[in-house]
file structure.csv (CSV, C-alpha atoms and all ligand atoms)
chain,number,residue,atom,x,y,z
A,275,MET,CA,-44.9,12.2,12.8
A,276,THR,CA,-42.3,9.7,13.6
A,277,ALA,CA,-38.8,10.9,14.1
A,278,GLN,CA,-36.4,10.5,11.2
A,279,PRO,CA,-34.1,7.6,11.9
A,280,THR,CA,-30.6,8.6,12.2
A,281,ALA,CA,-28.8,8.5,8.9
A,282,LEU,CA,-27.3,5.2,8.0
A,283,PRO,CA,-23.6,5.3,7.9
A,284,THR,CA,-22.1,5.6,4.5
A,285,LEU,CA,-18.5,4.8,3.6
A,286,HIS,CA,-17.6,8.3,2.7
A,287,ARG,CA,-14.8,9.2,4.9
A,288,GLU,CA,-15.9,12.4,6.7
A,289,GLU,CA,-13.7,11.8,9.6
A,290,PRO,CA,-10.3,10.2,9.8
A,291,MET,CA,-10.5,6.5,10.7
A,292,ASP,CA,-9.0,5.3,14.0
A,293,PRO,CA,-5.4,4.5,13.0
A,294,ASP,CA,-5.4,1.6,15.5
A,295,LYS,CA,-8.2,-0.2,13.7
A,296,PRO,CA,-7.5,-2.3,10.6
A,297,PHE,CA,-9.0,-1.0,7.5
A,298,ILE,CA,-10.8,-4.2,6.7
A,299,ARG,CA,-11.8,-6.6,9.5
A,300,VAL,CA,-13.6,-9.8,8.8
A,301,GLU,CA,-14.7,-11.9,11.8
A,302,ASN,CA,-16.2,-15.4,12.0
A,303,LEU,CA,-17.4,-15.1,8.4
A,304,THR,CA,-19.5,-18.1,7.3
A,305,LYS,CA,-21.4,-19.0,4.2
A,306,VAL,CA,-23.7,-21.9,4.0
A,307,PHE,CA,-25.2,-22.8,0.6
A,308,HIS,CA,-28.4,-24.7,0.5
A,309,PRO,CA,-28.5,-26.7,-2.7
A,310,GLY,CA,-31.8,-26.8,-4.3
A,311,LYS,CA,-33.1,-23.9,-2.3
A,312,ASN,CA,-34.2,-21.9,-5.3
A,313,ARG,CA,-35.9,-24.7,-6.9
A,314,ARG,CA,-37.6,-25.5,-3.7
A,315,MET,CA,-38.8,-22.0,-3.4
A,316,LEU,CA,-40.3,-22.2,-6.9
A,317,GLY,CA,-42.2,-25.3,-5.8
A,318,LEU,CA,-40.1,-27.6,-8.0
A,319,LEU,CA,-38.8,-29.6,-5.1
A,320,PRO,CA,-40.6,-30.6,-1.9
A,321,PRO,CA,-39.8,-28.6,1.2
A,322,LYS,CA,-37.1,-30.2,3.3
A,323,SER,CA,-36.6,-29.6,7.0
A,324,GLY,CA,-33.4,-29.9,8.9
A,325,GLN,CA,-31.3,-29.5,5.9
A,326,LYS,CA,-27.7,-28.8,6.8
A,327,GLY,CA,-26.4,-27.1,3.6
A,328,PHE,CA,-22.9,-26.9,2.4
A,329,VAL,CA,-20.4,-24.8,4.4
A,330,ALA,CA,-18.4,-23.0,1.7
A,331,VAL,CA,-16.8,-20.5,4.1
A,332,ASP,CA,-16.3,-21.7,7.7
A,333,ASP,CA,-15.7,-19.2,10.5
A,334,VAL,CA,-13.1,-17.2,8.7
A,335,SER,CA,-11.5,-14.1,10.3
A,336,PHE,CA,-8.8,-11.8,9.0
A,337,GLU,CA,-7.7,-8.2,8.9
A,338,VAL,CA,-6.3,-6.1,6.1
A,339,GLU,CA,-4.4,-2.9,6.7
A,340,ARG,CA,-4.7,0.1,4.5
A,341,GLY,CA,-2.3,-0.1,1.6
A,342,GLN,CA,-1.7,-3.9,1.9
A,343,ILE,CA,-1.9,-6.5,-0.7
A,344,PHE,CA,-3.8,-9.3,1.1
A,345,VAL,CA,-3.8,-12.6,-0.8
A,346,ILE,CA,-6.3,-15.3,-0.3
A,347,MET,CA,-4.7,-18.5,-1.6
A,348,GLY,CA,-6.2,-22.0,-1.8
A,349,LEU,CA,-7.2,-24.8,-4.2
A,350,SER,CA,-10.3,-24.5,-6.4
A,351,GLY,CA,-13.4,-24.8,-4.3
A,352,SER,CA,-11.8,-23.7,-1.0
A,353,GLY,CA,-14.1,-20.7,-0.7
A,354,LYS,CA,-11.9,-17.8,-2.0
A,355,SER,CA,-14.4,-16.3,-4.4
A,356,THR,CA,-17.2,-16.7,-1.9
A,357,ILE,CA,-15.3,-14.5,0.6
A,358,ILE,CA,-14.7,-11.9,-2.1
A,359,ARG,CA,-18.4,-11.9,-3.0
A,360,MET,CA,-19.4,-11.5,0.6
A,361,VAL,CA,-17.0,-8.5,1.0
A,362,ASN,CA,-18.6,-7.0,-2.1
A,363,ARG,CA,-22.1,-8.0,-0.9
A,364,LEU,CA,-22.8,-9.8,-4.1
A,365,ILE,CA,-23.9,-12.5,-1.8
A,366,ASP,CA,-25.0,-12.3,1.8
A,367,ALA,CA,-23.0,-13.9,4.5
A,368,SER,CA,-24.7,-16.5,6.7
A,369,ASP,CA,-22.9,-15.4,9.8
A,370,GLY,CA,-20.0,-13.2,11.0
A,371,THR,CA,-19.1,-9.5,10.5
A,372,ILE,CA,-17.3,-7.5,7.8
A,373,SER,CA,-16.2,-4.1,8.6
A,374,VAL,CA,-14.6,-1.6,6.3
A,375,ASP,CA,-13.2,1.6,7.7
A,376,GLY,CA,-15.2,1.0,10.8
A,377,LYS,CA,-18.5,0.5,9.0
A,378,ASP,CA,-20.5,-2.6,9.1
A,379,VAL,CA,-20.8,-3.8,5.5
A,380,ARG,CA,-23.5,-6.4,6.2
A,381,SER,CA,-25.9,-3.8,7.5
A,382,LEU,CA,-25.5,-1.2,4.8
A,383,ALA,CA,-28.9,0.0,3.5
A,384,PRO,CA,-29.4,0.2,-0.3
A,385,ALA,CA,-28.2,3.8,-0.7
A,386,ALA,CA,-25.1,3.2,1.4
A,387,LEU,CA,-24.4,-0.1,-0.3
A,388,ARG,CA,-24.5,1.7,-3.7
A,389,ASP,CA,-22.1,4.2,-2.4
A,390,TYR,CA,-19.9,1.5,-1.0
A,391,ARG,CA,-19.8,-0.3,-4.4
A,392,ASN,CA,-19.3,2.9,-6.3
A,393,ARG,CA,-16.7,4.7,-4.2
A,394,THR,CA,-15.0,2.3,-1.8
A,395,ILE,CA,-14.5,-1.0,-3.7
A,396,ASN,CA,-13.8,-2.0,-7.2
A,397,MET,CA,-14.1,-5.6,-8.3
A,398,VAL,CA,-11.5,-6.6,-11.0
A,399,PHE,CA,-12.4,-9.6,-13.1
A,400,GLN,CA,-10.3,-12.0,-15.1
A,401,HIS,CA,-11.0,-10.5,-18.4
A,402,PHE,CA,-9.9,-6.9,-18.7
A,403,GLY,CA,-12.2,-6.1,-21.6
A,404,LEU,CA,-11.3,-2.8,-23.2
A,405,PHE,CA,-13.7,-0.6,-25.2
A,406,PRO,CA,-12.5,-1.1,-28.7
A,407,HIS,CA,-13.7,2.3,-29.9
A,408,LYS,CA,-12.0,4.3,-27.1
A,409,SER,CA,-8.3,5.3,-27.0
A,410,LEU,CA,-6.1,3.9,-24.3
A,411,VAL,CA,-6.3,7.0,-22.2
A,412,ASP,CA,-10.1,7.0,-22.5
A,413,ASN,CA,-10.2,3.4,-21.6
A,414,VAL,CA,-8.2,3.9,-18.4
A,415,ALA,CA,-10.0,7.1,-17.5
A,416,PHE,CA,-13.4,5.6,-18.0
A,417,GLY,CA,-13.9,4.4,-14.4
A,418,LEU,CA,-13.0,7.9,-13.1
A,419,LYS,CA,-15.4,9.5,-15.6
A,420,VAL,CA,-18.2,7.4,-14.4
A,421,ARG,CA,-17.5,8.6,-10.9
A,422,GLY,CA,-17.6,12.2,-11.9
A,423,VAL,CA,-13.9,13.1,-11.9
A,424,ASP,CA,-13.2,16.0,-14.1
A,425,LYS,CA,-11.6,15.5,-17.5
A,426,GLU,CA,-8.2,17.0,-16.8
A,427,ALA,CA,-7.8,15.1,-13.5
A,428,ARG,CA,-8.9,11.8,-14.9
A,429,GLU,CA,-6.8,12.1,-18.0
A,430,ALA,CA,-3.7,13.0,-15.9
A,431,LYS,CA,-4.3,9.9,-13.7
A,432,ALA,CA,-4.8,7.7,-16.7
A,433,ALA,CA,-1.7,8.9,-18.4
A,434,GLU,CA,0.3,8.3,-15.2
A,435,ALA,CA,-1.0,4.8,-14.9
A,436,LEU,CA,-0.3,4.1,-18.6
A,437,ALA,CA,3.3,5.4,-18.2
A,438,ILE,CA,3.8,3.0,-15.3
A,439,VAL,CA,2.8,0.0,-17.4
A,440,GLY,CA,5.1,1.2,-20.2
A,441,LEU,CA,2.5,2.7,-22.6
A,442,GLY,CA,3.1,6.3,-21.8
A,443,ASP,CA,4.0,7.2,-25.4
A,444,ARG,CA,0.9,5.5,-26.8
A,445,ILE,CA,-1.9,6.9,-24.8
A,446,HIS,CA,-3.9,7.9,-27.9
A,447,ALA,CA,-3.5,4.5,-29.6
A,448,MET,CA,-6.6,2.4,-30.1
A,449,PRO,CA,-6.8,-1.1,-28.5
A,450,ASP,CA,-6.7,-3.0,-31.8
A,451,GLN,CA,-3.2,-1.6,-32.3
A,452,LEU,CA,-2.0,-3.5,-29.3
A,453,SER,CA,-0.8,-7.0,-28.7
A,454,GLY,CA,-2.7,-9.2,-26.2
A,455,GLY,CA,-0.1,-8.6,-23.5
A,456,MET,CA,-0.3,-4.9,-23.9
A,457,LYS,CA,-4.1,-4.9,-23.7
A,458,GLN,CA,-3.7,-6.7,-20.4
A,459,ARG,CA,-1.4,-3.9,-19.2
A,460,VAL,CA,-4.1,-1.3,-20.1
A,461,GLY,CA,-6.7,-3.3,-18.2
A,462,LEU,CA,-4.4,-3.4,-15.2
A,463,ALA,CA,-3.7,0.3,-15.4
A,464,ARG,CA,-7.4,0.9,-15.5
A,465,ALA,CA,-8.1,-1.2,-12.4
A,466,LEU,CA,-5.4,0.7,-10.4
A,467,ALA,CA,-6.3,4.2,-11.7
A,468,THR,CA,-9.8,4.2,-10.2
A,469,ASP,CA,-10.5,6.2,-7.1
A,470,ALA,CA,-11.8,3.2,-5.2
A,471,GLU,CA,-9.6,2.5,-2.2
A,472,ILE,CA,-10.1,-1.2,-2.2
A,473,LEU,CA,-9.6,-3.5,-5.1
A,474,LEU,CA,-11.0,-7.0,-5.1
A,475,MET,CA,-9.1,-9.1,-7.6
A,476,ASP,CA,-10.3,-12.6,-8.2
A,477,GLU,CA,-7.7,-14.6,-10.0
A,478,PRO,CA,-7.1,-11.8,-12.5
A,479,PHE,CA,-3.9,-13.4,-14.0
A,480,SER,CA,-4.8,-17.1,-13.8
A,481,ALA,CA,-5.8,-17.4,-17.5
A,482,LEU,CA,-2.6,-15.7,-18.8
A,483,ASP,CA,0.4,-17.5,-20.2
A,484,PRO,CA,3.4,-17.5,-17.9
A,485,LEU,CA,5.4,-14.7,-19.4
A,486,ILE,CA,2.5,-12.2,-19.6
A,487,ARG,CA,1.5,-13.3,-16.1
A,488,LYS,CA,4.9,-12.5,-14.7
A,489,ASP,CA,4.9,-9.2,-16.4
A,490,MET,CA,1.5,-8.4,-14.9
A,491,GLN,CA,2.6,-9.4,-11.4
A,492,GLU,CA,5.5,-7.0,-11.7
A,493,LEU,CA,3.3,-4.2,-13.1
A,494,LEU,CA,0.8,-4.7,-10.3
A,495,ILE,CA,3.6,-4.1,-7.7
A,496,LYS,CA,4.7,-1.0,-9.6
A,497,LEU,CA,1.2,0.4,-10.0
A,498,GLN,CA,0.6,-0.4,-6.3
A,499,GLN,CA,3.6,1.6,-5.2
A,500,ASN,CA,2.2,4.6,-7.0
A,501,PHE,CA,-1.5,4.3,-6.4
A,502,LYS,CA,-1.4,2.6,-3.0
A,503,LYS,CA,-4.7,0.7,-3.0
A,504,THR,CA,-5.8,-1.8,-0.5
A,505,ILE,CA,-6.0,-5.0,-2.4
A,506,ILE,CA,-7.6,-8.4,-1.7
A,507,PHE,CA,-6.1,-10.7,-4.3
A,508,VAL,CA,-7.3,-14.2,-4.9
A,509,THR,CA,-5.1,-16.9,-6.4
A,510,HIS,CA,-4.6,-20.6,-6.4
A,511,ASP,CA,-0.9,-20.2,-7.1
A,512,LEU,CA,1.4,-20.0,-4.1
A,513,ASN,CA,4.3,-18.5,-6.0
A,514,GLU,CA,2.0,-15.7,-7.1
A,515,ALA,CA,0.7,-15.4,-3.6
A,516,MET,CA,4.2,-15.1,-2.1
A,517,TYR,CA,5.4,-12.7,-4.8
A,518,LEU,CA,2.5,-10.3,-4.4
A,519,GLY,CA,1.2,-10.7,-0.9
A,520,ASP,CA,2.1,-8.6,2.1
A,521,LYS,CA,0.0,-11.1,3.9
A,522,ILE,CA,-1.3,-14.4,2.7
A,523,MET,CA,-4.3,-16.3,4.0
A,524,VAL,CA,-4.3,-20.0,3.1
A,525,MET,CA,-7.8,-21.5,2.7
A,526,LYS,CA,-8.6,-25.2,2.8
A,527,GLN,CA,-12.2,-26.5,2.6
A,528,GLY,CA,-13.7,-23.1,3.6
A,529,LYS,CA,-11.3,-22.6,6.6
A,530,ASN,CA,-8.5,-20.2,7.1
A,531,ILE,CA,-5.7,-22.5,8.0
A,532,GLN,CA,-2.9,-20.0,8.2
A,533,CYS,CA,-2.5,-16.3,7.7
A,534,GLY,CA,0.9,-14.7,7.6
A,535,THR,CA,3.7,-13.3,5.5
A,536,ALA,CA,5.4,-15.4,2.8
A,537,LEU,CA,8.3,-15.9,5.3
A,538,ASP,CA,5.9,-17.1,8.0
A,539,LEU,CA,4.4,-19.7,5.7
A,540,LEU,CA,7.9,-20.9,4.5
A,541,GLU,CA,9.3,-21.1,8.0
A,542,ALA,CA,6.5,-22.3,10.1
A,543,PRO,CA,3.8,-23.9,7.9
A,544,ALA,CA,0.8,-24.5,10.2
A,545,ASP,CA,-0.5,-27.6,8.5
A,546,PRO,CA,0.9,-30.5,6.4
A,547,TYR,CA,-1.2,-29.1,3.6
A,548,ILE,CA,0.8,-25.9,3.6
A,549,GLU,CA,4.1,-27.8,4.1
A,550,ASP,CA,3.3,-29.6,0.8
A,551,PHE,CA,2.6,-26.3,-0.9
A,552,VAL,CA,5.7,-24.6,0.3
A,553,ALA,CA,7.9,-27.6,-0.7
A,554,GLU,CA,7.2,-26.6,-4.3
A,555,VAL,CA,8.2,-23.0,-3.9
A,556,ASP,CA,11.4,-21.7,-5.3
A,557,ARG,CA,12.4,-19.6,-2.3
A,558,SER,CA,15.1,-17.7,-4.2
A,559,ARG,CA,12.5,-16.3,-6.5
A,560,VAL,CA,9.9,-15.6,-3.8
A,561,LEU,CA,11.8,-14.2,-0.9
A,562,THR,CA,12.9,-10.6,-1.3
A,563,ALA,CA,15.6,-8.4,0.2
A,564,GLY,CA,12.9,-6.4,2.0
A,565,MET,CA,11.6,-9.6,3.7
A,566,ILE,CA,14.8,-10.7,5.2
A,567,ALA,CA,16.7,-7.4,5.7
A,568,ARG,CA,17.8,-6.7,9.3
A,569,PRO,CA,16.4,-3.3,10.0
A,570,THR,CA,19.2,-0.7,10.5
A,571,ALA,CA,17.1,2.0,12.2
A,572,SER,CA,16.1,-0.2,15.1
A,573,HIS,CA,19.5,-1.7,15.5
A,574,SER,CA,21.0,-0.1,18.6
A,575,SER,CA,24.6,-0.1,17.6
A,576,PRO,CA,25.3,-0.5,13.9
A,577,PRO,CA,28.9,-1.7,13.4
A,578,GLU,CA,31.0,1.2,12.3
A,579,THR,CA,34.1,-0.8,11.8
A,580,GLY,CA,34.4,-2.6,8.5
A,581,GLY,CA,33.3,0.5,6.6
A,582,PHE,CA,29.7,-0.5,6.3
A,583,GLY,CA,27.8,2.2,4.4
A,584,SER,CA,30.6,3.5,2.3
A,585,GLY,CA,31.4,0.8,-0.3
A,586,SER,CA,28.3,-1.5,0.1
A,587,SER,CA,26.0,-2.3,-2.8
A,588,ARG,CA,22.4,-1.2,-2.6
A,589,VAL,CA,19.4,-3.0,-3.8
A,590,PRO,CA,15.7,-2.1,-3.8
A,591,GLU,CA,13.6,-4.0,-1.2
A,592,GLY,CA,11.7,-5.9,-3.9
A,593,THR,CA,14.9,-7.7,-5.2
A,594,VAL,CA,14.5,-11.4,-5.0
A,595,LEU,CA,17.3,-13.4,-3.4
A,596,HIS,CA,18.1,-15.1,-6.7
A,597,ASP,CA,19.2,-11.7,-8.0
A,598,LEU,CA,20.9,-10.8,-4.7
A,599,LEU,CA,23.2,-13.8,-4.6
A,600,PRO,CA,25.5,-12.6,-7.4
A,601,ILE,CA,25.8,-9.2,-5.8
A,602,LEU,CA,26.8,-10.7,-2.5
A,603,ALA,CA,29.2,-13.0,-4.2
A,604,THR,CA,31.2,-10.1,-5.6
A,605,GLY,CA,31.8,-8.2,-2.4
A,606,SER,CA,32.5,-8.9,1.2
A,607,GLN,CA,30.2,-6.2,2.5
A,608,PRO,CA,26.6,-6.6,3.6
A,609,VAL,CA,24.2,-5.3,1.0
A,610,GLU,CA,22.0,-2.3,1.9
A,611,VAL,CA,18.3,-2.5,1.2
A,612,THR,CA,16.5,0.6,0.2
A,613,ASP,CA,12.8,1.4,0.0
A,614,GLN,CA,11.1,3.1,-2.9
A,615,ASP,CA,12.3,6.5,-1.7
A,616,GLY,CA,15.9,5.3,-1.7
A,617,THR,CA,16.0,5.3,2.1
A,618,ILE,CA,18.1,2.5,3.6
A,619,VAL,CA,15.8,0.2,5.5
A,620,GLY,CA,18.2,-2.6,6.4
A,621,LYS,CA,21.1,-4.7,5.4
A,622,ILE,CA,21.7,-8.3,4.5
A,623,THR,CA,24.7,-10.6,4.7
A,624,ALA,CA,25.3,-13.7,2.6
A,625,GLU,CA,24.6,-15.7,5.7
A,626,ASP,CA,21.1,-14.2,6.0
A,627,VAL,CA,20.4,-15.2,2.4
A,628,PHE,CA,21.6,-18.8,2.9
A,629,SER,CA,19.6,-19.1,6.1
A,630,ALA,CA,16.5,-17.9,4.4
A,631,LEU,CA,17.0,-20.2,1.4
A,632,SER,CA,17.4,-23.3,3.6
A,633,PRO,CA,14.1,-24.8,4.3
A,634,SER,CA,15.0,-26.4,7.7
A,635,LYS,CA,16.8,-23.4,9.1
A,636,ARG,CA,14.7,-21.1,11.2
A,637,ASN,CA,15.3,-17.4,10.7
A,638,SER,CA,14.8,-15.1,13.6
A,639,ASN,CA,14.6,-11.9,11.6
A,640,ASN,CA,11.0,-12.2,11.1
A,641,ALA,CA,9.6,-9.2,13.0
A,642,ALA,CA,6.1,-9.8,14.3
B,701,LIG,N1,-24.1,-20.4,-5.4
B,701,LIG,C1,-23.6,-21.5,-4.9
B,701,LIG,N2,-24.4,-22.5,-4.6
B,701,LIG,C2,-23.9,-23.7,-4.1
B,701,LIG,N3,-22.6,-23.9,-3.9
B,701,LIG,C3,-21.8,-22.9,-4.2
B,701,LIG,C4,-22.2,-21.7,-4.7
B,701,LIG,N4,-21.1,-20.9,-5.0
B,701,LIG,C5,-20.0,-21.7,-4.6
B,701,LIG,N5,-20.4,-22.9,-4.2
B,701,LIG,C6,-19.5,-23.9,-3.6
B,701,LIG,O1,-18.8,-23.4,-2.6
B,701,LIG,C7,-17.4,-23.9,-2.6
B,701,LIG,C8,-16.5,-22.7,-2.7
B,701,LIG,O2,-16.6,-22.1,-3.9
B,701,LIG,P1,-15.7,-20.8,-4.3
B,701,LIG,O3,-15.8,-19.8,-3.3
B,701,LIG,O4,-16.1,-20.4,-5.7
B,701,LIG,O5,-14.3,-21.5,-4.4
B,701,LIG,P2,-12.9,-20.9,-5.0
B,701,LIG,O6,-13.1,-19.5,-5.4
B,701,LIG,O7,-11.9,-21.1,-3.9
B,701,LIG,O8,-12.6,-21.9,-6.1
B,701,LIG,C9,-17.4,-24.8,-3.8
B,701,LIG,O9,-17.5,-26.1,-3.4
B,701,LIG,C10,-18.5,-24.3,-4.7
B,701,LIG,O10,-19.0,-25.4,-5.4
B,702,MG,MG,-12.9,-18.7,-7.3
call {"tool": "encode", "arguments": {"input": "structure.csv", "output": "structure tokens"}}
result
Amino acid sequence: MTAQPTALPTLHREEPMDPDKPFIRVENLTKVFHPGKNRRMLGLLPPKSGQKGFVAVDDVSFEVERGQIFVIMGLSGSGKSTIIRMVNRLIDASDGTISVDGKDVRSLAPAALRDYRNRTINMVFQHFGLFPHKSLVDNVAFGLKVRGVDKEAREAKAAEALAIVGLGDRIHAMPDQLSGGMKQRVGLARALATDAEILLMDEPFSALDPLIRKDMQELLIKLQQNFKKTIIFVTHDLNEAMYLGDKIMVMKQGKNIQCGTALDLLEAPADPYIEDFVAEVDRSRVLTAGMIARPTASHSSPPETGGFGSGSSRVPEGTVLHDLLPILATGSQPVEVTDQDGTIVGKITAEDVFSALSPSKRNSNNAA
């Protein structure tokens, strides 16, 4: 008898991952579409040799750390969805590697691939269709039920997610009792309450009207603080990209033309195309206190004089500069910036804010 081949790797995490390795690593990813290939295979078109095909994704590399929101931004047709589909293996890559938690996604055998799709990643589509005959809590808990999570645990998680999106007192309501915007909230709560570690979100908010869209962006950040997923989020809207993204990869004609933080793109756009994009951005509503704060912990000698720390205002790190300005205007002290646990992570002066808001001025706060 032939020896059993060694078991193919699954994406179950039996051992802790190497903390030095990025959670998702994509290298030299390429997709070439061959128009007419299917019809040719069916004999409807004559065979054609030497056909070049259309390069939809061209040698793209990027890394996503666990817990990050990684945004893929670019105009329609730039290859964003094709990347997402390759990560999900809905389509096969033509070249390159995709590794998730150290496992090679492109070589997953059918059983391991099923496992990957069921447990590791969750694809979120534009229309958060709800089950009309299920209550909100059952809607949100549905994904967990499918994955075999017991009733008590899944309902607790669903209730938690619904509370975050402001529907904690209506968990037994039925979808038809909700407005359109509220249904969207339930859909978002459901997406974040699954036990998949990775969410792939392909323009989930693009069809929404601006107010609901803003609401959803804020809720996504709130849910993310609680559920800490690793999210690849696709958008063609740079404001959305900058608001949501810990890192943003800008795509143009299949290529990754810049990958960095919102601040990186604003301060050192790598391409005239990105310059044009960022010229349109309202910096005061995109840059946050957390992005420009000077870290206090790493500062060797915090100035004790001037009473910093006693009478200063504090703002959460997600506060946009637009909301920070009036606070700075009322006091002479730097403002302290806190993380979600209330720990002070840095401070900001009015000068820091003006410097960040001015397009030509380079800001050296930007830790690598
Ligand atoms: N199945 C396919 N066959 C041929 N061309 C495709 C296919 N899917 C996408 N494309 C082309 O690849 C390019 C990138 O598409 P896509 O990834 O959907 O762009 P985006 O999501 O950025 O709008 C587009 O020009 C699109 O027409
Ligand atoms: Mg797309």
call {"tool": "residues_near_ligand", "arguments": {"input": "structure.csv", "ligand": "ligand MG 702 (chain B)", "cutoff": "12 Å", "atoms": "all atoms listed in the file", "output": "PyMOL selection string"}}
result
chain A and resi 330+346-359+399-400+475-478+480+507-510+525+528
call {"tool": "residues_around", "arguments": {"input": "structure.csv", "residues": "Thr304 of chain A", "least_positions_apart": "6", "cutoff": "7 Å", "atoms": "all atoms listed in the file", "output": "MDAnalysis selection string"}}
result
chainID A and resid 331:334 367:370
call {"tool": "write_last_selection", "arguments": {"input": "structure.csv", "atoms": "C-alpha atoms", "output": "PDB file, in the coordinates of the input"}}
result
ATOM      1  CA  VAL A 331     -16.800 -20.500   4.100  1.00  0.00           C
ATOM      2  CA  ASP A 332     -16.300 -21.700   7.700  1.00  0.00           C
ATOM      3  CA  ASP A 333     -15.700 -19.200  10.500  1.00  0.00           C
ATOM      4  CA  VAL A 334     -13.100 -17.200   8.700  1.00  0.00           C
ATOM      5  CA  ALA A 367     -23.000 -13.900   4.500  1.00  0.00           C
ATOM      6  CA  SER A 368     -24.700 -16.500   6.700  1.00  0.00           C
ATOM      7  CA  ASP A 369     -22.900 -15.400   9.800  1.00  0.00           C
ATOM      8  CA  GLY A 370     -20.000 -13.200  11.000  1.00  0.00           C
TER       9      GLY A 370
END
call {"tool": "atom_distance", "arguments": {"input": "structure.csv", "atom1": "atom CA of Ile622 of chain A", "atom2": "atom CA of Leu539 of chain A"}}
result
20.8 Å
call {"tool": "closest_residue", "arguments": {"input": "structure.csv", "among": "A:Asn530, A:Thr468, A:Thr371, A:Thr535", "to": "ligand LIG 701 (chain B)", "atoms": "all atoms listed in the file"}}
result
A:Asn530
call {"tool": "closest_residue", "arguments": {"input": "structure.csv", "among": "A:Arg299, A:Arg559, A:Lys408, A:Lys305", "to": "ligand LIG 701 (chain B)", "atoms": "only C-alpha atoms and all ligand atoms"}}
result
A:Lys305
